[in-house]
Amino acid sequence: MAEYKIQLETVKHLLSEYYIYAILVLFWIAAAGFIPGFISLYNIATLIIVCAPLALVSLGQNMSIITGGIDLSVGAVVSLATAIASNLMEINVGLAILVVILAGLAIGAFNGFGVTKLRIDPFIVTLGSMGIGSGIALYIRPHPGGYIAPEFINVILYKHEIFGVLFPVGSFIILLVTVVIGELILMKRNFGRMVYAVGGNETYARMLGVPINKVKLLVYVISGVVSAIAGLYVAALMNAGDASVGDPYVINSIIAVTLGGTPITGGSGRFVNTVGAALVVSTIDRILNQLGVNIWWSWIIKGILLALIIAISTKVIRR
Amino acid sequence: MMWERRFRISLENLQVIILAVITIAFALIAELLAPGFLRIGHLSFMLEVMAILGVVAIAQTIVIMTGGIDMSTGAIMYLMMAVAPMFMKEEFFLPFLLCLGIGALIGAINGALIAWAEIPPIVQTIAMMVALTGVVFVRTGGSPGGKAHPLLRAMTVDYVGPLHMATIIWFALTIIFFFILRATVYGRYIQALGSNPRASFLSGIRVKLVTFSVYVISGLLSAFGGLLFLGYIEIPYFPSQVGGLGIDYAFNSITATLIGGTLFKGGRGGPERTFLGVLLLQFLFSLLVMLGLPEPGKMIVQGIIIVAIVGIYVRWLSR
């Protein structure tokens, strides 16, 4: 009897911690009921391709939200990265990658500097750098287009045939590495603990000797860099640069982070759950796509799901 | 004690006066940079455009004063583009009230979920924005069709002296909400709620009801702003934004509120400050247009100036 009880507790604990994966499985099962053959390697492959850049951007978003901030500039960095890449890849692929990463780093440093040294609200600093980033992106890439090196695309989007389906090995590796590195940094390294400490209670964190400004600065820099990497991936995926391609990533990354159970006030939350939420959101898109329904329905479902899950998790699960 | 209190109030008044001086100085500099900026015709045109943002920013101010935020204001505005031409065929008055009612209803959903389901305001209103984006595009397919009712058009663009009707309405609403916040019990509740929710609760304020009401007002005013917008442009349209419908209006109303000196922390500020904030922000936008800066340059300068103004200003205010 006791053993049974313990198991039930474990299940309850797992469910309250990783509920988003339960929802993911639920969606897939429900979809399989509606659409024959929905659970296929092809659908999984598409999901991975779509989710890789969102997971990258969400890593940065998740870290800044854990510290109690927010990063609205992630979308602009993605756009800027595709714009730079589409211009510089003609000259040299390595140079393009370097400049893209440096651009992400610069915008991240700007955000971090504004938040820490100038003590401006993260919302406003990143809103400002969003304007600056999108402006520069639009300046160097007024119309979608440009050149992305085919060899670069082939590496990033490397596909290998598995069971008769072209499996996106490159995207899968990027997604996996993002999850592993994100989890490692946040859960296993000192830096990760400091990130949680800053978001949990800044005064206590300061008393404990956490270098708050350094941590925050680094978080925004990381956010800029991973968004830039996501931008490189998006550029390869579209085979072009586009100054507004990153716009949806702002809201989508915030949705992924909050849906994954990171409170918007910061202090806790798991990155694996954020990725789970990203998978859920992309699954909704996939289902609607296969049902042939108007794709805008996914926005309605996303909005309702977000409100519903946050309401349930604040009211019921975290009691 | 008494002296201290009086000094505080006069300090706050001083801040408003300084903001007003800065705004006037900016307008004078703008006149120097772009002659004709302060011509009556141009001024009344600017004030007409401002009125739309101004009405929405009043709503945003009240919400931010309680320590919340409303990201769905822009989406509610654009919802009116879809809804108003549908209802306002022959009759004007009843459909007009119906439109406002829809706005208030959406605000009520936001408010109810924020107050009683305890969803953080930013998450709930983003969810609402996402859902409304879906609703609007599923319903209209991206092109709203129809036309603004002649009376609605008259309500916005007709002249009263040198000013447009929309400007007069904006002035009136600012004054009304200024008095509501300063001279009524309800206004005191809002201020108290923003500065200390716990103390407000303990002193018997029905915190949840006040929170709820604030979002209803926000929905109502956003709908009103949307109707003025429709009256202004006459042919409804939707921006081709993929980052969320009306997100630029949400951001601009937040920026105007913060430039006015209403703090994210809540409790301080008011519509009279936001009035000046809108004035300053729109002067900036207009000047950039008049100087003939291309779109990318405008975005970059906007970004920098927003960070600079809000950064310096908020720092100085929150001391």
# chains A, B, ... in the order shown; residues from 1 in each chain; ligands from 1

call {"tool": "residues_around", "arguments": {"residues": "Ile255 in chain A", "least_positions_apart": "2", "cutoff": "9 Å", "atoms": "only C-alpha atoms", "output": "PyMOL selection string"}}
result
(chain A and resi 250-253+257-260+274+277-278+281+302-303+306) or (chain B and resi 123+126-127)

call {"tool": "interface_residues", "arguments": {"of": "chain B", "to": "chain A", "cutoff": "7 Å", "atoms": "only C-alpha atoms", "output": "PyMOL selection string"}}
result
chain B and resi 117-119+124+127-128+130-135+137-138+242-243+296-297+299-300+302-304+306-307+311

call {"tool": "write_last_selection", "arguments": {"atoms": "N, CA and C atoms", "output": "PDB file, in the first residue's frame"}}
result
ATOM      1  N   ALA B 117      -8.451  34.366 -11.937  1.00  0.00           N
ATOM      2  CA  ALA B 117      -7.661  33.172 -12.248  1.00  0.00           C
ATOM      3  C   ALA B 117      -6.178  33.436 -11.988  1.00  0.00           C
ATOM      4  N   GLU B 118      -5.869  34.697 -11.630  1.00  0.00           N
ATOM      5  CA  GLU B 118      -4.505  35.080 -11.258  1.00  0.00           C
ATOM      6  C   GLU B 118      -3.465  34.813 -12.338  1.00  0.00           C
ATOM      7  N   ILE B 119      -3.857  34.977 -13.583  1.00  0.00           N
ATOM      8  CA  ILE B 119      -2.885  34.901 -14.679  1.00  0.00           C
ATOM      9  C   ILE B 119      -2.134  36.230 -14.710  1.00  0.00           C
ATOM     10  N   GLN B 124      -1.703  37.006 -19.923  1.00  0.00           N
ATOM     11  CA  GLN B 124      -3.110  36.978 -20.332  1.00  0.00           C
ATOM     12  C   GLN B 124      -3.355  37.881 -21.540  1.00  0.00           C
ATOM     13  N   ALA B 127      -1.907  36.421 -24.610  1.00  0.00           N
ATOM     14  CA  ALA B 127      -2.790  35.338 -25.054  1.00  0.00           C
ATOM     15  C   ALA B 127      -3.994  35.910 -25.785  1.00  0.00           C
ATOM     16  N   MET B 128      -4.555  36.985 -25.234  1.00  0.00           N
ATOM     17  CA  MET B 128      -5.711  37.612 -25.863  1.00  0.00           C
ATOM     18  C   MET B 128      -5.359  38.194 -27.227  1.00  0.00           C
ATOM     19  N   VAL B 130      -2.973  37.193 -29.215  1.00  0.00           N
ATOM     20  CA  VAL B 130      -2.765  36.085 -30.144  1.00  0.00           C
ATOM     21  C   VAL B 130      -4.116  35.533 -30.603  1.00  0.00           C
ATOM     22  N   ALA B 131      -5.016  35.326 -29.639  1.00  0.00           N
ATOM     23  CA  ALA B 131      -6.326  34.777 -29.982  1.00  0.00           C
ATOM     24  C   ALA B 131      -7.100  35.724 -30.906  1.00  0.00           C
ATOM     25  N   LEU B 132      -7.050  37.026 -30.601  1.00  0.00           N
ATOM     26  CA  LEU B 132      -7.777  37.996 -31.430  1.00  0.00           C
ATOM     27  C   LEU B 132      -7.197  38.058 -32.837  1.00  0.00           C
ATOM     28  N   THR B 133      -5.858  37.956 -32.936  1.00  0.00           N
ATOM     29  CA  THR B 133      -5.240  37.918 -34.253  1.00  0.00           C
ATOM     30  C   THR B 133      -5.849  36.786 -35.063  1.00  0.00           C
ATOM     31  N   GLY B 134      -5.936  35.619 -34.416  1.00  0.00           N
ATOM     32  CA  GLY B 134      -6.537  34.472 -35.086  1.00  0.00           C
ATOM     33  C   GLY B 134      -7.979  34.744 -35.485  1.00  0.00           C
ATOM     34  N   VAL B 135      -8.763  35.258 -34.544  1.00  0.00           N
ATOM     35  CA  VAL B 135     -10.189  35.502 -34.805  1.00  0.00           C
ATOM     36  C   VAL B 135     -10.353  36.447 -35.992  1.00  0.00           C
ATOM     37  N   PHE B 137      -8.278  37.232 -38.447  1.00  0.00           N
ATOM     38  CA  PHE B 137      -7.851  36.735 -39.760  1.00  0.00           C
ATOM     39  C   PHE B 137      -8.681  35.547 -40.225  1.00  0.00           C
ATOM     40  N   VAL B 138      -9.149  34.722 -39.298  1.00  0.00           N
ATOM     41  CA  VAL B 138     -10.037  33.630 -39.703  1.00  0.00           C
ATOM     42  C   VAL B 138     -11.336  34.215 -40.255  1.00  0.00           C
ATOM     43  N   VAL B 242       3.244  39.782 -38.890  1.00  0.00           N
ATOM     44  CA  VAL B 242       3.146  38.402 -38.472  1.00  0.00           C
ATOM     45  C   VAL B 242       3.474  38.253 -36.995  1.00  0.00           C
ATOM     46  N   GLY B 243       3.894  39.343 -36.366  1.00  0.00           N
ATOM     47  CA  GLY B 243       4.277  39.261 -34.957  1.00  0.00           C
ATOM     48  C   GLY B 243       3.099  39.408 -34.006  1.00  0.00           C
ATOM     49  N   PRO B 296      14.050  52.502 -42.579  1.00  0.00           N
ATOM     50  CA  PRO B 296      15.043  51.905 -41.664  1.00  0.00           C
ATOM     51  C   PRO B 296      15.628  52.927 -40.706  1.00  0.00           C
ATOM     52  N   GLY B 297      15.968  54.103 -41.228  1.00  0.00           N
ATOM     53  CA  GLY B 297      16.549  55.146 -40.383  1.00  0.00           C
ATOM     54  C   GLY B 297      15.591  55.562 -39.286  1.00  0.00           C
ATOM     55  N   MET B 299      13.262  53.735 -37.905  1.00  0.00           N
ATOM     56  CA  MET B 299      13.181  52.694 -36.877  1.00  0.00           C
ATOM     57  C   MET B 299      14.372  52.772 -35.933  1.00  0.00           C
ATOM     58  N   ILE B 300      15.556  52.993 -36.517  1.00  0.00           N
ATOM     59  CA  ILE B 300      16.765  53.031 -35.693  1.00  0.00           C
ATOM     60  C   ILE B 300      16.714  54.218 -34.735  1.00  0.00           C
ATOM     61  N   GLN B 302      14.131  55.977 -33.759  1.00  0.00           N
ATOM     62  CA  GLN B 302      13.069  55.738 -32.775  1.00  0.00           C
ATOM     63  C   GLN B 302      13.565  54.882 -31.624  1.00  0.00           C
ATOM     64  N   GLY B 303      14.222  53.774 -31.994  1.00  0.00           N
ATOM     65  CA  GLY B 303      14.719  52.854 -30.971  1.00  0.00           C
ATOM     66  C   GLY B 303      15.669  53.541 -30.014  1.00  0.00           C
ATOM     67  N   ILE B 304      16.627  54.272 -30.588  1.00  0.00           N
ATOM     68  CA  ILE B 304      17.630  54.929 -29.750  1.00  0.00           C
ATOM     69  C   ILE B 304      16.966  55.957 -28.844  1.00  0.00           C
ATOM     70  N   ILE B 306      13.849  56.284 -27.866  1.00  0.00           N
ATOM     71  CA  ILE B 306      12.968  55.722 -26.834  1.00  0.00           C
ATOM     72  C   ILE B 306      13.792  55.264 -25.630  1.00  0.00           C
ATOM     73  N   VAL B 307      14.884  54.542 -25.920  1.00  0.00           N
ATOM     74  CA  VAL B 307      15.736  54.085 -24.813  1.00  0.00           C
ATOM     75  C   VAL B 307      16.305  55.285 -24.063  1.00  0.00           C
ATOM     76  N   GLY B 311      15.020  55.988 -20.553  1.00  0.00           N
ATOM     77  CA  GLY B 311      16.112  55.637 -19.664  1.00  0.00           C
ATOM     78  C   GLY B 311      16.465  56.759 -18.711  1.00  0.00           C
TER      79      GLY B 311
END

call {"tool": "residues_around", "arguments": {"residues": "Phe212 in chain B", "least_positions_apart": "3", "cutoff": "7 Å", "atoms": "only C-alpha atoms", "output": "MDAnalysis selection string"}}
result
chainID B and resid 108 111:112 115 208:209 215:216

call {"tool": "write_last_selection", "arguments": {"atoms": "N, CA and C atoms", "output": "mmCIF file, in the first residue's frame"}}
result
data_model
loop_
_atom_site.group_PDB
_atom_site.id
_atom_site.type_symbol
_atom_site.label_atom_id
_atom_site.label_comp_id
_atom_site.auth_asym_id
_atom_site.auth_seq_id
_atom_site.Cartn_x
_atom_site.Cartn_y
_atom_site.Cartn_z
ATOM 1 N N ALA B 108 -13.205 42.609 -20.255
ATOM 2 C CA ALA B 108 -13.738 41.910 -19.093
ATOM 3 C C ALA B 108 -13.172 40.499 -18.996
ATOM 4 N N GLY B 111 -9.755 40.960 -17.725
ATOM 5 C CA GLY B 111 -9.800 41.352 -16.327
ATOM 6 C C GLY B 111 -10.185 40.205 -15.415
ATOM 7 N N ALA B 112 -11.186 39.444 -15.831
ATOM 8 C CA ALA B 112 -11.644 38.329 -14.998
ATOM 9 C C ALA B 112 -10.527 37.305 -14.824
ATOM 10 N N ALA B 115 -7.770 38.895 -12.632
ATOM 11 C CA ALA B 115 -8.121 39.123 -11.230
ATOM 12 C C ALA B 115 -8.400 37.817 -10.503
ATOM 13 N N LYS B 208 -9.611 42.730 -6.322
ATOM 14 C CA LYS B 208 -9.900 41.982 -7.551
ATOM 15 C C LYS B 208 -10.891 42.727 -8.430
ATOM 16 N N LEU B 209 -11.877 43.342 -7.785
ATOM 17 C CA LEU B 209 -12.883 44.068 -8.551
ATOM 18 C C LEU B 209 -12.258 45.277 -9.257
ATOM 19 N N TYR B 215 -9.260 46.622 -16.572
ATOM 20 C CA TYR B 215 -9.130 46.004 -17.899
ATOM 21 C C TYR B 215 -10.383 46.205 -18.738
ATOM 22 N N VAL B 216 -11.537 46.287 -18.061
ATOM 23 C CA VAL B 216 -12.763 46.594 -18.807
ATOM 24 C C VAL B 216 -12.640 47.987 -19.432
#

call {"tool": "closest_residue", "arguments": {"among": "B:Leu43, B:Thr61, B:Leu113, B:Pro294", "to": "Ala30 in chain B", "atoms": "only C-alpha atoms"}}
result
B:Leu43

call {"tool": "atom_distance", "arguments": {"atom1": "CA of Ile254 in chain B", "atom2": "CA of Gln191 in chain B"}}
result
17.9 Å

call {"tool": "residues_around", "arguments": {"residues": "range 75-91 of chain B", "least_positions_apart": "3", "cutoff": "8 Å", "atoms": "only C-alpha atoms", "output": "VMD selection string"}}
result
chain B and resid 72 94 to 96 99 103 106 129 132 to 133 136 140 144 to 149 219 222 to 227 229 to 230 236 to 238 244 to 247

call {"tool": "residues_around", "arguments": {"residues": "range 181-184 of chain A", "least_positions_apart": "6", "cutoff": "12 Å", "atoms": "only C-alpha atoms", "output": "JSON, numbers by chain"}}
result
{"A": [55, 56, 57, 58, 59, 60, 61, 62, 63, 173, 174, 175, 190, 191, 192, 193, 219, 222, 223, 226, 269, 270, 271, 272, 273, 274, 275]}

call {"tool": "select_by_dssp", "arguments": {"residues": "range 86-311 of chain B", "states": "alpha helix (DSSP H)", "output": "PyMOL selection string"}}
result
chain B and resi 86-87+93-115+121-140+150-157+165-183+185-195+197-202+207-233+247-259+271-290+295-311
